[in-house]
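Asker: Structure below; questions to follow.
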Amino acid sequence: MTPTLPPPNGALRVPARNVLRDVEKAFGQNTFGLAEMKSRLPKSVYKRLTATVERGEPFDETVADAVALAMKEWAVERGATHYTHWFQPLTGRTAEKHDSFITPNAGGGAVIEFSGKSLVQGEPDASSFPGGGLRATFEARGYTAYDPTSPAFLVEHNGSATLCIPTAFASWTGEALDHKIPLLRSLEALNRQATRALALLGEDVGRVTATCGSEQEYFLVDGALFEDRPDLLVAGRTLVGAAPPRGQEFDDHYFGSIPERVMAYMNAVEAELYALGVPVATRHNEVAPGQYEFAPVFEDANVAADHQQVMMMTLQRVAKRYGLACLLHEKPFAGVNGSGKHVNWSMSTDTGLNLLDPGDTPHSNLLFLFFCTAVVQAVHLHQDLLRASIATAANDHRLGANEAPPAILSIFLGDQLSDVYEQITTEGKATASKSSGFLGLGSPVLPTLPRHAGDRNRTSPFAFTGNKFEFRAVGSSQSVSFPLTVLNTIAAEAIDDLATKLEGKLGKKRSKKAVEEAVQEVITESIREHTAIVFNGDGYSDAWHREAVEERGLLNLATTPEALATLTDDKNVAAFERYDVLTRAELESRRDILLEQYALTLNVEAATTESMAKTLVLPAALRYLMEIGEAAEAVEDLGLDPSGAKETAGGVVEHVNALRTALGALAAARAAAHEADDEAAAMTSEVVPAMATVRAACDALEKEVPADLWPLPTYRDLLFTGK
């Protein structure tokens, strides 16, 4: 239970790699990106490949052998012995099966081979991954397919390396069994509708893509303490644990000085991520003790989703080198802030235009207002889908707490943009934008700062933050692919709807004035219909919860089963099918998989809670009672009053009895949930409260039992030691 403290004077510490001394040279060195392709591929092959990567044209399979040869030579030069089709099944994690580059030859030797066929297609066992009824267990065939738009990369380990090739994963019958296929489909849907709308608005662009930058929050705890917590090992969060005397109430950890051991760890993580082409730009202490954050810059959404998985993998792998454990769970500790993954999302053209950049005068920027209005409409119409996209057992612990937005979806637009839309709503047109101005700080030695036109709102689930929207409700352990898929799809639907209305109003007229007037009408009609989703106030307040549901008709889907039940509503199925993103069968499979994962997660947590209480907490309490009894006898033998010891024992016995009763109720709740028609709902209504009662009794005993008898590292140990 003793923390593994960092060695003195840096001895035995793993040093940050020299790659950090020359980031420009090191960035992407373990990535087979366009620059590496250009230097190794014939010009004709490179040209055909970039047509797919940069313009979304169909992949030309005749180039596969040339790409495979160049990729193999590059990887082997860097120590790779194996390759893998790296994919994202519906487990929420990544999967990989390593194949050797070595192939025996007829002479008894071996050659290094990697063909275009091996690059383009793999064949993992599809029955061993969640399928949600799309395939029966005996129907095992599945395929991985090379994604040329996301660069292959090397993962180094123990003196060798593995070539990881990002791929899609589909069943033998063609259904998507992963997160990448729907994401790529949604990006194409968004591209089609956005380029269509831009043509109506007079903009000549070749392609529109979604861009993403996802912040990653996480906790670090000492590795030795982590190993002594069965709940952290099995469930990723503490299932028992009393609050320490000090938590985060002093607000002194946020943006504080990064501890030396953590800084060394961060340097090593950054070095690996830079080499893998992941553009991390920010690192800092987060609000809770032991909590930290990395944030990258914007990328194409598909690449950003892959890089998020790489980041999570790297954070956890590198932590072990420093005797640390990285916790990605949304709520590993009760009573302090949990962790999120704020997904910053926008739309950009191949000409470099950010469609959600308002400029200095948003009231006159009709291009921006058109696309921003489309997002407002999309979120209002599909608030249920967005909530379902971030629904997990882990995230249910976080949503609505002090550090996270509520489960009720709303949009924060800020003062300037809200004023513009208010003008549009009341007058049919905006004629002015609030000035941002400057901020004087009252001292001649301090500069005058330009002030943003609007404040920020940390209680908003979906906030406009200058030139993008920030989806703040995404969980820290989640893949961002499904939230991005939903965002892209509903935005495509809204853009389609607005563009169709615009076409109807324009008819054959295409003059600049006619377009401006028609756009104003379309924007005005939409924002008047969907303004209920816009809220700039305190999302935590009870008054807002009442107003949102009772007056505005917004949804409050507080639990994962409630949220996932909406996934296959007719309007949602229609949206996914209309844009060829997911079929009804694929949506139903995802709903069933997510509900099953929810029930399995809670069952594991409940079983672990029960085991810890019976085998660790209760024995410790009984040992303490024995010590009290012996002490009481000794006091009485001395002719002194033993009532104090007996009173202490009475309090412990009361907590022990409460724990035994709670354990019985938890066992009964688990058994009943397993027999229920809707196991996920039963887990929510019965098992979760029963676990909370067991925890309360355990935490009460933790405050009574002496530290030398308590069998678990406490919150004080986990949050404040070993950094």
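Here's how to read the names in the structure tokens: chain A, B, ... by the order shown, residue numbers from 1 in each chain, ligand numbers from 1 in the order shown.
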I'd like to know which residues of stretch 143-253 of chain A are strand (DSSP E) (by DSSP, run on the backbone); could you write them as number ranges by chain?

Answerer: A: 143-146, 152-157, 160-171, 208-214, 216-222

Asker: Include N, CA, C and O atoms and write out the residues we just selected as a short mmCIF file (atom, residue, chain, number, x, y, z; two decimals), in the first residue's frame.

Answerer:
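For reference, result_8.cif as written:
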```
data_model
loop_
_atom_site.label_atom_id
_atom_site.label_comp_id
_atom_site.auth_asym_id
_atom_site.auth_seq_id
_atom_site.Cartn_x
_atom_site.Cartn_y
_atom_site.Cartn_z
N TYR A 143 -14.54 -8.58 -42.06
CA TYR A 143 -13.42 -8.04 -42.83
C TYR A 143 -12.97 -6.70 -42.27
O TYR A 143 -13.79 -5.89 -41.82
N THR A 144 -11.66 -6.47 -42.33
CA THR A 144 -11.13 -5.13 -42.11
C THR A 144 -10.70 -4.57 -43.46
O THR A 144 -10.17 -5.30 -44.30
N ALA A 145 -10.94 -3.29 -43.67
CA ALA A 145 -10.65 -2.63 -44.95
C ALA A 145 -9.78 -1.40 -44.72
O ALA A 145 -10.09 -0.55 -43.87
N TYR A 146 -8.71 -1.29 -45.45
CA TYR A 146 -7.73 -0.20 -45.34
C TYR A 146 -8.39 1.16 -45.51
O TYR A 146 -9.14 1.40 -46.46
N ALA A 152 -1.04 5.28 -41.58
CA ALA A 152 -0.50 4.17 -40.79
C ALA A 152 0.58 4.71 -39.86
O ALA A 152 1.20 5.75 -40.12
N PHE A 153 0.81 4.00 -38.77
CA PHE A 153 1.77 4.49 -37.78
C PHE A 153 2.46 3.31 -37.10
O PHE A 153 2.00 2.16 -37.17
N LEU A 154 3.58 3.60 -36.45
CA LEU A 154 4.36 2.59 -35.73
C LEU A 154 4.16 2.74 -34.23
O LEU A 154 4.20 3.85 -33.70
N VAL A 155 3.95 1.61 -33.56
CA VAL A 155 3.97 1.58 -32.10
C VAL A 155 5.23 0.83 -31.68
O VAL A 155 5.42 -0.33 -32.05
N GLU A 156 6.09 1.51 -30.95
CA GLU A 156 7.37 0.92 -30.54
C GLU A 156 7.22 0.24 -29.19
O GLU A 156 6.53 0.73 -28.30
N HIS A 157 7.89 -0.91 -29.05
CA HIS A 157 7.83 -1.65 -27.79
C HIS A 157 8.99 -2.63 -27.70
O HIS A 157 9.24 -3.39 -28.64
N SER A 160 11.43 -3.38 -30.58
CA SER A 160 10.87 -3.63 -31.90
C SER A 160 9.69 -2.68 -32.11
O SER A 160 9.46 -1.79 -31.31
N ALA A 161 8.97 -2.90 -33.19
CA ALA A 161 7.82 -2.03 -33.47
C ALA A 161 6.79 -2.81 -34.27
O ALA A 161 7.10 -3.80 -34.93
N THR A 162 5.55 -2.32 -34.22
CA THR A 162 4.45 -2.89 -34.98
C THR A 162 3.85 -1.82 -35.88
O THR A 162 3.58 -0.70 -35.42
N LEU A 163 3.65 -2.15 -37.13
CA LEU A 163 2.99 -1.24 -38.07
C LEU A 163 1.49 -1.35 -37.88
O LEU A 163 0.91 -2.42 -38.07
N CYS A 164 0.85 -0.25 -37.50
CA CYS A 164 -0.59 -0.22 -37.29
C CYS A 164 -1.25 0.48 -38.48
O CYS A 164 -0.93 1.63 -38.78
N ILE A 165 -2.16 -0.22 -39.13
CA ILE A 165 -2.84 0.28 -40.32
C ILE A 165 -4.29 0.55 -39.97
O ILE A 165 -5.06 -0.40 -39.74
N PRO A 166 -4.72 1.81 -39.87
CA PRO A 166 -6.12 2.10 -39.56
C PRO A 166 -7.05 1.48 -40.60
O PRO A 166 -6.85 1.63 -41.80
N THR A 167 -8.06 0.76 -40.10
CA THR A 167 -8.97 0.06 -41.00
C THR A 167 -10.40 0.17 -40.49
O THR A 167 -10.66 0.44 -39.32
N ALA A 168 -11.32 -0.07 -41.40
CA ALA A 168 -12.74 -0.22 -41.07
C ALA A 168 -13.02 -1.69 -40.82
O ALA A 168 -12.26 -2.57 -41.24
N PHE A 169 -14.13 -2.00 -40.14
CA PHE A 169 -14.45 -3.38 -39.77
C PHE A 169 -15.92 -3.63 -40.10
O PHE A 169 -16.81 -2.95 -39.59
N ALA A 170 -16.15 -4.60 -40.99
CA ALA A 170 -17.51 -4.89 -41.45
C ALA A 170 -17.76 -6.39 -41.41
O ALA A 170 -16.83 -7.21 -41.43
N SER A 171 -19.04 -6.74 -41.39
CA SER A 171 -19.42 -8.15 -41.42
C SER A 171 -19.33 -8.71 -42.84
O SER A 171 -19.20 -7.96 -43.82
N VAL A 208 -16.05 19.77 -48.34
CA VAL A 208 -16.24 20.25 -46.97
C VAL A 208 -16.04 19.06 -46.04
O VAL A 208 -16.54 17.96 -46.30
N THR A 209 -15.32 19.28 -44.98
CA THR A 209 -15.13 18.21 -43.99
C THR A 209 -15.38 18.74 -42.60
O THR A 209 -15.29 19.95 -42.35
N ALA A 210 -15.73 17.85 -41.70
CA ALA A 210 -15.83 18.22 -40.28
C ALA A 210 -14.43 18.20 -39.68
O ALA A 210 -13.60 17.35 -40.01
N THR A 211 -14.16 19.15 -38.81
CA THR A 211 -12.89 19.19 -38.10
C THR A 211 -13.15 19.00 -36.61
O THR A 211 -14.23 19.31 -36.11
N CYS A 212 -12.16 18.47 -35.93
CA CYS A 212 -12.36 18.10 -34.53
C CYS A 212 -11.07 18.30 -33.74
O CYS A 212 -9.98 17.99 -34.23
N GLY A 213 -11.21 18.81 -32.54
CA GLY A 213 -10.12 18.84 -31.58
C GLY A 213 -10.69 18.43 -30.23
O GLY A 213 -11.54 19.13 -29.68
N SER A 214 -10.27 17.30 -29.71
CA SER A 214 -10.89 16.74 -28.51
C SER A 214 -9.96 16.81 -27.31
O SER A 214 -8.89 16.18 -27.31
N GLN A 216 -8.63 15.93 -23.62
CA GLN A 216 -8.62 14.65 -22.90
C GLN A 216 -8.24 14.88 -21.44
O GLN A 216 -7.12 15.25 -21.13
N GLU A 217 -9.20 14.66 -20.55
CA GLU A 217 -8.94 14.74 -19.11
C GLU A 217 -8.69 13.34 -18.56
O GLU A 217 -9.25 12.35 -19.06
N TYR A 218 -7.86 13.27 -17.51
CA TYR A 218 -7.50 11.98 -16.93
C TYR A 218 -6.95 12.19 -15.52
O TYR A 218 -6.56 13.30 -15.15
N PHE A 219 -6.94 11.12 -14.75
CA PHE A 219 -6.33 11.13 -13.42
C PHE A 219 -5.06 10.29 -13.44
O PHE A 219 -4.96 9.30 -14.18
N LEU A 220 -4.11 10.65 -12.61
CA LEU A 220 -2.93 9.83 -12.36
C LEU A 220 -2.88 9.45 -10.89
O LEU A 220 -3.03 10.33 -10.02
N VAL A 221 -2.69 8.16 -10.63
CA VAL A 221 -2.49 7.70 -9.26
C VAL A 221 -1.24 6.83 -9.24
O VAL A 221 -0.80 6.32 -10.28
N ASP A 222 -0.68 6.67 -8.07
CA ASP A 222 0.51 5.83 -7.95
C ASP A 222 0.17 4.39 -8.32
O ASP A 222 -0.86 3.85 -7.93
#
```

Asker: Can you tell me, as a PyMOL selection string, what residues are no more than 9 Å from stretch 195-206 of chain A when counting only C-alpha atoms, ignoring any on the same chain fewer than 2 positions away?

Answerer: chain A and resi 55+190-193+208+349-351+366-367+495-496+498-500+502-503+510+512+515-516+519

Asker: Please produce a file of those selected residues containing N, CA, C and O atoms, as an mmCIF file, in the first residue's frame.

Answerer:
```cif
data_model
loop_
_atom_site.group_PDB
_atom_site.id
_atom_site.type_symbol
_atom_site.label_atom_id
_atom_site.label_comp_id
_atom_site.auth_asym_id
_atom_site.auth_seq_id
_atom_site.Cartn_x
_atom_site.Cartn_y
_atom_site.Cartn_z
ATOM 1 N N ARG A 55 -9.239 14.610 -51.596
ATOM 2 C CA ARG A 55 -10.472 15.010 -52.279
ATOM 3 C C ARG A 55 -11.604 14.011 -52.127
ATOM 4 O O ARG A 55 -12.690 14.211 -52.667
ATOM 5 N N LEU A 190 -22.173 14.940 -44.908
ATOM 6 C CA LEU A 190 -21.976 16.358 -44.606
ATOM 7 C C LEU A 190 -21.359 17.076 -45.796
ATOM 8 O O LEU A 190 -21.767 18.200 -46.143
ATOM 9 N N ASN A 191 -20.391 16.450 -46.431
ATOM 10 C CA ASN A 191 -19.746 17.053 -47.596
ATOM 11 C C ASN A 191 -20.755 17.318 -48.709
ATOM 12 O O ASN A 191 -20.789 18.409 -49.294
ATOM 13 N N ARG A 192 -21.615 16.343 -48.999
ATOM 14 C CA ARG A 192 -22.580 16.506 -50.094
ATOM 15 C C ARG A 192 -23.528 17.673 -49.839
ATOM 16 O O ARG A 192 -23.773 18.502 -50.712
ATOM 17 N N GLN A 193 -24.056 17.733 -48.620
ATOM 18 C CA GLN A 193 -25.052 18.766 -48.338
ATOM 19 C C GLN A 193 -24.408 20.145 -48.176
ATOM 20 O O GLN A 193 -24.975 21.159 -48.603
ATOM 21 N N VAL A 208 -16.049 19.768 -48.342
ATOM 22 C CA VAL A 208 -16.241 20.245 -46.971
ATOM 23 C C VAL A 208 -16.040 19.058 -46.037
ATOM 24 O O VAL A 208 -16.536 17.956 -46.301
ATOM 25 N N THR A 349 -13.785 24.064 -45.415
ATOM 26 C CA THR A 349 -13.718 23.758 -46.839
ATOM 27 C C THR A 349 -12.283 23.482 -47.252
ATOM 28 O O THR A 349 -11.331 23.818 -46.535
ATOM 29 N N ASP A 350 -12.123 22.887 -48.427
ATOM 30 C CA ASP A 350 -10.777 22.637 -48.942
ATOM 31 C C ASP A 350 -10.090 23.918 -49.377
ATOM 32 O O ASP A 350 -8.899 23.915 -49.708
ATOM 33 N N THR A 351 -10.819 25.036 -49.360
ATOM 34 C CA THR A 351 -10.217 26.340 -49.673
ATOM 35 C C THR A 351 -9.783 27.086 -48.406
ATOM 36 O O THR A 351 -9.360 28.238 -48.481
ATOM 37 N N LEU A 366 -23.743 36.216 -43.766
ATOM 38 C CA LEU A 366 -24.841 35.288 -44.041
ATOM 39 C C LEU A 366 -24.364 33.849 -44.192
ATOM 40 O O LEU A 366 -25.095 32.911 -43.874
ATOM 41 N N LEU A 367 -23.151 33.668 -44.679
ATOM 42 C CA LEU A 367 -22.612 32.316 -44.804
ATOM 43 C C LEU A 367 -22.517 31.664 -43.427
ATOM 44 O O LEU A 367 -22.976 30.534 -43.214
ATOM 45 N N ILE A 495 -28.714 21.121 -42.909
ATOM 46 C CA ILE A 495 -28.226 21.880 -44.069
ATOM 47 C C ILE A 495 -29.052 21.530 -45.301
ATOM 48 O O ILE A 495 -29.423 22.407 -46.096
ATOM 49 N N ASP A 496 -29.346 20.253 -45.464
ATOM 50 C CA ASP A 496 -30.197 19.799 -46.569
ATOM 51 C C ASP A 496 -31.555 20.502 -46.523
ATOM 52 O O ASP A 496 -32.049 21.030 -47.535
ATOM 53 N N LEU A 498 -32.435 23.351 -44.976
ATOM 54 C CA LEU A 498 -32.330 24.789 -45.238
ATOM 55 C C LEU A 498 -32.012 25.067 -46.708
ATOM 56 O O LEU A 498 -32.535 26.024 -47.296
ATOM 57 N N ALA A 499 -31.153 24.233 -47.300
ATOM 58 C CA ALA A 499 -30.815 24.433 -48.712
ATOM 59 C C ALA A 499 -32.026 24.192 -49.603
ATOM 60 O O ALA A 499 -32.242 24.915 -50.597
ATOM 61 N N THR A 500 -32.825 23.179 -49.251
ATOM 62 C CA THR A 500 -34.038 22.903 -50.035
ATOM 63 C C THR A 500 -35.015 24.073 -49.945
ATOM 64 O O THR A 500 -35.616 24.486 -50.952
ATOM 65 N N LEU A 502 -34.185 27.126 -49.327
ATOM 66 C CA LEU A 502 -33.556 28.236 -50.042
ATOM 67 C C LEU A 502 -33.793 28.105 -51.550
ATOM 68 O O LEU A 502 -34.119 29.095 -52.228
ATOM 69 N N GLU A 503 -33.655 26.891 -52.065
ATOM 70 C CA GLU A 503 -33.919 26.656 -53.486
ATOM 71 C C GLU A 503 -35.365 27.007 -53.845
ATOM 72 O O GLU A 503 -35.625 27.601 -54.890
ATOM 73 N N ARG A 510 -30.993 34.132 -59.118
ATOM 74 C CA ARG A 510 -29.697 33.848 -58.514
ATOM 75 C C ARG A 510 -28.881 35.123 -58.285
ATOM 76 O O ARG A 510 -27.672 35.058 -58.081
ATOM 77 N N LYS A 512 -27.319 38.348 -56.366
ATOM 78 C CA LYS A 512 -26.793 38.460 -55.013
ATOM 79 C C LYS A 512 -27.867 38.930 -54.044
ATOM 80 O O LYS A 512 -28.015 38.393 -52.938
ATOM 81 N N VAL A 515 -30.427 36.159 -53.376
ATOM 82 C CA VAL A 515 -29.872 35.134 -52.481
ATOM 83 C C VAL A 515 -29.859 35.646 -51.047
ATOM 84 O O VAL A 515 -30.262 34.931 -50.112
ATOM 85 N N GLU A 516 -29.412 36.887 -50.833
ATOM 86 C CA GLU A 516 -29.356 37.451 -49.488
ATOM 87 C C GLU A 516 -30.742 37.498 -48.849
ATOM 88 O O GLU A 516 -30.914 37.141 -47.677
ATOM 89 N N VAL A 519 -31.896 33.904 -48.049
ATOM 90 C CA VAL A 519 -31.166 33.364 -46.891
ATOM 91 C C VAL A 519 -31.714 33.957 -45.598
ATOM 92 O O VAL A 519 -31.914 33.245 -44.602
#
```

Asker: If we count only C-alpha atoms, what is near stretch 230-246 of chain A at a cut-off of 9 Å, once residues fewer than 3 positions away on the same chain are taken out, given as a VMD selection string?

Answerer: chain A and resid 226 to 227 249 to 250 327 to 336 394 601 604 to 606 608 to 609 612 to 613 691 to 692 694 to 696 698 to 700 702 to 703 712 to 716

Asker: Please list as a PyMOL selection string every residue within 8 Å of A:Val420, counting only C-alpha atoms and excluding residues in the same chain fewer than 3 positions away.

Answerer: chain A and resi 362-363+416-417+423-424+430+432-433

Asker: Can I get the selection written as a PDB file, in the first residue's frame, with N, CA, C and O atoms?

Answerer:
```pdb
ATOM      1  N   PRO A 362     -20.791  39.358 -37.326  1.00  0.00           N
ATOM      2  CA  PRO A 362     -21.613  38.173 -37.624  1.00  0.00           C
ATOM      3  C   PRO A 362     -22.997  38.500 -38.154  1.00  0.00           C
ATOM      4  O   PRO A 362     -23.580  37.702 -38.879  1.00  0.00           O
ATOM      5  N   HIS A 363     -23.533  39.679 -37.815  1.00  0.00           N
ATOM      6  CA  HIS A 363     -24.874  40.026 -38.290  1.00  0.00           C
ATOM      7  C   HIS A 363     -24.949  40.118 -39.812  1.00  0.00           C
ATOM      8  O   HIS A 363     -26.012  39.918 -40.410  1.00  0.00           O
ATOM      9  N   GLN A 416     -23.046  38.175 -27.942  1.00  0.00           N
ATOM     10  CA  GLN A 416     -23.049  38.788 -29.268  1.00  0.00           C
ATOM     11  C   GLN A 416     -23.944  38.024 -30.235  1.00  0.00           C
ATOM     12  O   GLN A 416     -24.815  38.605 -30.902  1.00  0.00           O
ATOM     13  N   LEU A 417     -23.763  36.706 -30.308  1.00  0.00           N
ATOM     14  CA  LEU A 417     -24.533  35.915 -31.261  1.00  0.00           C
ATOM     15  C   LEU A 417     -26.000  35.818 -30.850  1.00  0.00           C
ATOM     16  O   LEU A 417     -26.898  35.833 -31.710  1.00  0.00           O
ATOM     17  N   GLN A 423     -32.330  39.821 -32.870  1.00  0.00           N
ATOM     18  CA  GLN A 423     -32.729  40.770 -33.916  1.00  0.00           C
ATOM     19  C   GLN A 423     -33.417  40.053 -35.073  1.00  0.00           C
ATOM     20  O   GLN A 423     -34.433  40.521 -35.604  1.00  0.00           O
ATOM     21  N   ILE A 424     -32.866  38.910 -35.451  1.00  0.00           N
ATOM     22  CA  ILE A 424     -33.457  38.149 -36.554  1.00  0.00           C
ATOM     23  C   ILE A 424     -34.851  37.663 -36.178  1.00  0.00           C
ATOM     24  O   ILE A 424     -35.793  37.742 -36.979  1.00  0.00           O
ATOM     25  N   ALA A 430     -30.844  41.020 -38.911  1.00  0.00           N
ATOM     26  CA  ALA A 430     -29.938  41.646 -37.952  1.00  0.00           C
ATOM     27  C   ALA A 430     -29.203  42.792 -38.626  1.00  0.00           C
ATOM     28  O   ALA A 430     -28.748  42.665 -39.775  1.00  0.00           O
ATOM     29  N   ALA A 432     -26.864  44.862 -36.679  1.00  0.00           N
ATOM     30  CA  ALA A 432     -25.664  45.256 -35.929  1.00  0.00           C
ATOM     31  C   ALA A 432     -25.195  44.089 -35.074  1.00  0.00           C
ATOM     32  O   ALA A 432     -25.956  43.171 -34.756  1.00  0.00           O
ATOM     33  N   SER A 433     -23.899  44.137 -34.708  1.00  0.00           N
ATOM     34  CA  SER A 433     -23.326  43.151 -33.795  1.00  0.00           C
ATOM     35  C   SER A 433     -22.722  43.875 -32.604  1.00  0.00           C
ATOM     36  O   SER A 433     -22.091  44.931 -32.766  1.00  0.00           O
TER      37      SER A 433
END
```

Asker: Taking only C-alpha atoms into account, which of A:Phe469, A:Phe370, A:Phe535, A:Tyr598 comes nearest A:Thr392?

Answerer: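 Answer, going by the shortest atom-to-atom distance: A:Tyr598.
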
Asker: Taking only stretch 53-168 of chain A into account, list the residues labelled helix (DSSP H, G or I) by DSSP (computed from the backbone), as a ChimeraX atom specification.

Answerer: /A:53-55,61-77,116-120,126-128

Asker: Kindly export the residues of the current selection with N, CA, C and O atoms, as a compact mmCIF listing (two decimals), in the first residue's frame.

Answerer:
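Result written to selection_6.txt:
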```txt
# COMPACT_ATOMS: atom_id res chain seq x y z
N VAL A 53 -7.18 10.73 -50.47
CA VAL A 53 -6.92 11.30 -49.15
C VAL A 53 -7.42 12.74 -49.06
O VAL A 53 -8.05 13.13 -48.07
N GLU A 54 -7.15 13.54 -50.08
CA GLU A 54 -7.43 14.98 -50.00
C GLU A 54 -8.76 15.38 -50.61
O GLU A 54 -9.37 16.36 -50.20
N ARG A 55 -9.24 14.61 -51.60
CA ARG A 55 -10.47 15.01 -52.28
C ARG A 55 -11.60 14.01 -52.13
O ARG A 55 -12.69 14.21 -52.67
N GLU A 61 -7.62 0.70 -56.33
CA GLU A 61 -6.98 -0.49 -55.78
C GLU A 61 -5.77 -0.94 -56.58
O GLU A 61 -4.99 -1.78 -56.10
N THR A 62 -5.57 -0.38 -57.76
CA THR A 62 -4.39 -0.76 -58.54
C THR A 62 -3.09 -0.23 -57.92
O THR A 62 -2.00 -0.68 -58.29
N VAL A 63 -3.21 0.72 -57.01
CA VAL A 63 -2.00 1.27 -56.37
C VAL A 63 -1.64 0.52 -55.10
O VAL A 63 -0.62 0.82 -54.47
N ALA A 64 -2.44 -0.47 -54.70
CA ALA A 64 -2.27 -1.12 -53.40
C ALA A 64 -0.90 -1.76 -53.26
O ALA A 64 -0.25 -1.64 -52.20
N ASP A 65 -0.42 -2.48 -54.30
CA ASP A 65 0.87 -3.16 -54.17
C ASP A 65 2.00 -2.17 -53.98
O ASP A 65 2.91 -2.39 -53.16
N ALA A 66 1.97 -1.06 -54.71
CA ALA A 66 3.03 -0.05 -54.58
C ALA A 66 3.00 0.59 -53.20
O ALA A 66 4.05 0.82 -52.58
N VAL A 67 1.80 0.89 -52.70
CA VAL A 67 1.68 1.48 -51.36
C VAL A 67 2.16 0.49 -50.31
O VAL A 67 2.87 0.86 -49.37
N ALA A 68 1.77 -0.77 -50.45
CA ALA A 68 2.17 -1.79 -49.48
C ALA A 68 3.68 -1.95 -49.44
O ALA A 68 4.28 -2.08 -48.36
N LEU A 69 4.32 -1.97 -50.60
CA LEU A 69 5.78 -2.12 -50.65
C LEU A 69 6.47 -0.95 -49.96
O LEU A 69 7.38 -1.14 -49.14
N ALA A 70 6.05 0.27 -50.28
CA ALA A 70 6.66 1.45 -49.66
C ALA A 70 6.41 1.46 -48.16
O ALA A 70 7.32 1.78 -47.36
N MET A 71 5.21 1.12 -47.75
CA MET A 71 4.86 1.10 -46.33
C MET A 71 5.68 0.07 -45.58
O MET A 71 6.19 0.32 -44.48
N LYS A 72 5.85 -1.12 -46.18
CA LYS A 72 6.64 -2.18 -45.54
C LYS A 72 8.09 -1.75 -45.39
O LYS A 72 8.70 -1.91 -44.31
N GLU A 73 8.68 -1.21 -46.45
CA GLU A 73 10.09 -0.80 -46.39
C GLU A 73 10.29 0.27 -45.33
O GLU A 73 11.27 0.23 -44.57
N TRP A 74 9.38 1.22 -45.28
CA TRP A 74 9.47 2.28 -44.28
C TRP A 74 9.39 1.71 -42.87
O TRP A 74 10.17 2.06 -41.98
N ALA A 75 8.45 0.78 -42.65
CA ALA A 75 8.24 0.22 -41.31
C ALA A 75 9.41 -0.65 -40.88
O ALA A 75 9.88 -0.57 -39.73
N VAL A 76 9.90 -1.50 -41.79
CA VAL A 76 11.00 -2.40 -41.45
C VAL A 76 12.27 -1.61 -41.14
O VAL A 76 13.04 -1.96 -40.24
N GLU A 77 12.50 -0.54 -41.88
CA GLU A 77 13.65 0.32 -41.60
C GLU A 77 13.62 0.85 -40.18
O GLU A 77 14.67 1.12 -39.58
N GLY A 116 -0.19 -5.90 -51.52
CA GLY A 116 -1.34 -5.00 -51.56
C GLY A 116 -2.59 -5.67 -51.03
O GLY A 116 -3.43 -5.02 -50.38
N LYS A 117 -2.74 -6.97 -51.27
CA LYS A 117 -3.89 -7.71 -50.75
C LYS A 117 -3.90 -7.69 -49.22
O LYS A 117 -4.94 -7.51 -48.59
N SER A 118 -2.71 -7.87 -48.61
CA SER A 118 -2.61 -7.85 -47.15
C SER A 118 -2.90 -6.46 -46.60
O SER A 118 -3.44 -6.32 -45.50
N LEU A 119 -2.52 -5.44 -47.34
CA LEU A 119 -2.79 -4.07 -46.92
C LEU A 119 -4.28 -3.77 -46.96
O LEU A 119 -4.84 -3.22 -46.00
N VAL A 120 -4.93 -4.12 -48.05
CA VAL A 120 -6.31 -3.69 -48.29
C VAL A 120 -7.32 -4.43 -47.44
O VAL A 120 -8.30 -3.84 -46.96
N ALA A 126 -15.34 -12.08 -36.71
CA ALA A 126 -16.37 -11.10 -36.36
C ALA A 126 -17.25 -11.56 -35.22
O ALA A 126 -17.85 -10.74 -34.51
N SER A 127 -17.38 -12.86 -34.99
CA SER A 127 -18.27 -13.35 -33.94
C SER A 127 -17.73 -13.07 -32.54
O SER A 127 -18.46 -13.16 -31.56
N SER A 128 -16.43 -12.74 -32.46
CA SER A 128 -15.82 -12.49 -31.15
C SER A 128 -15.94 -11.04 -30.72
O SER A 128 -15.43 -10.67 -29.65
```
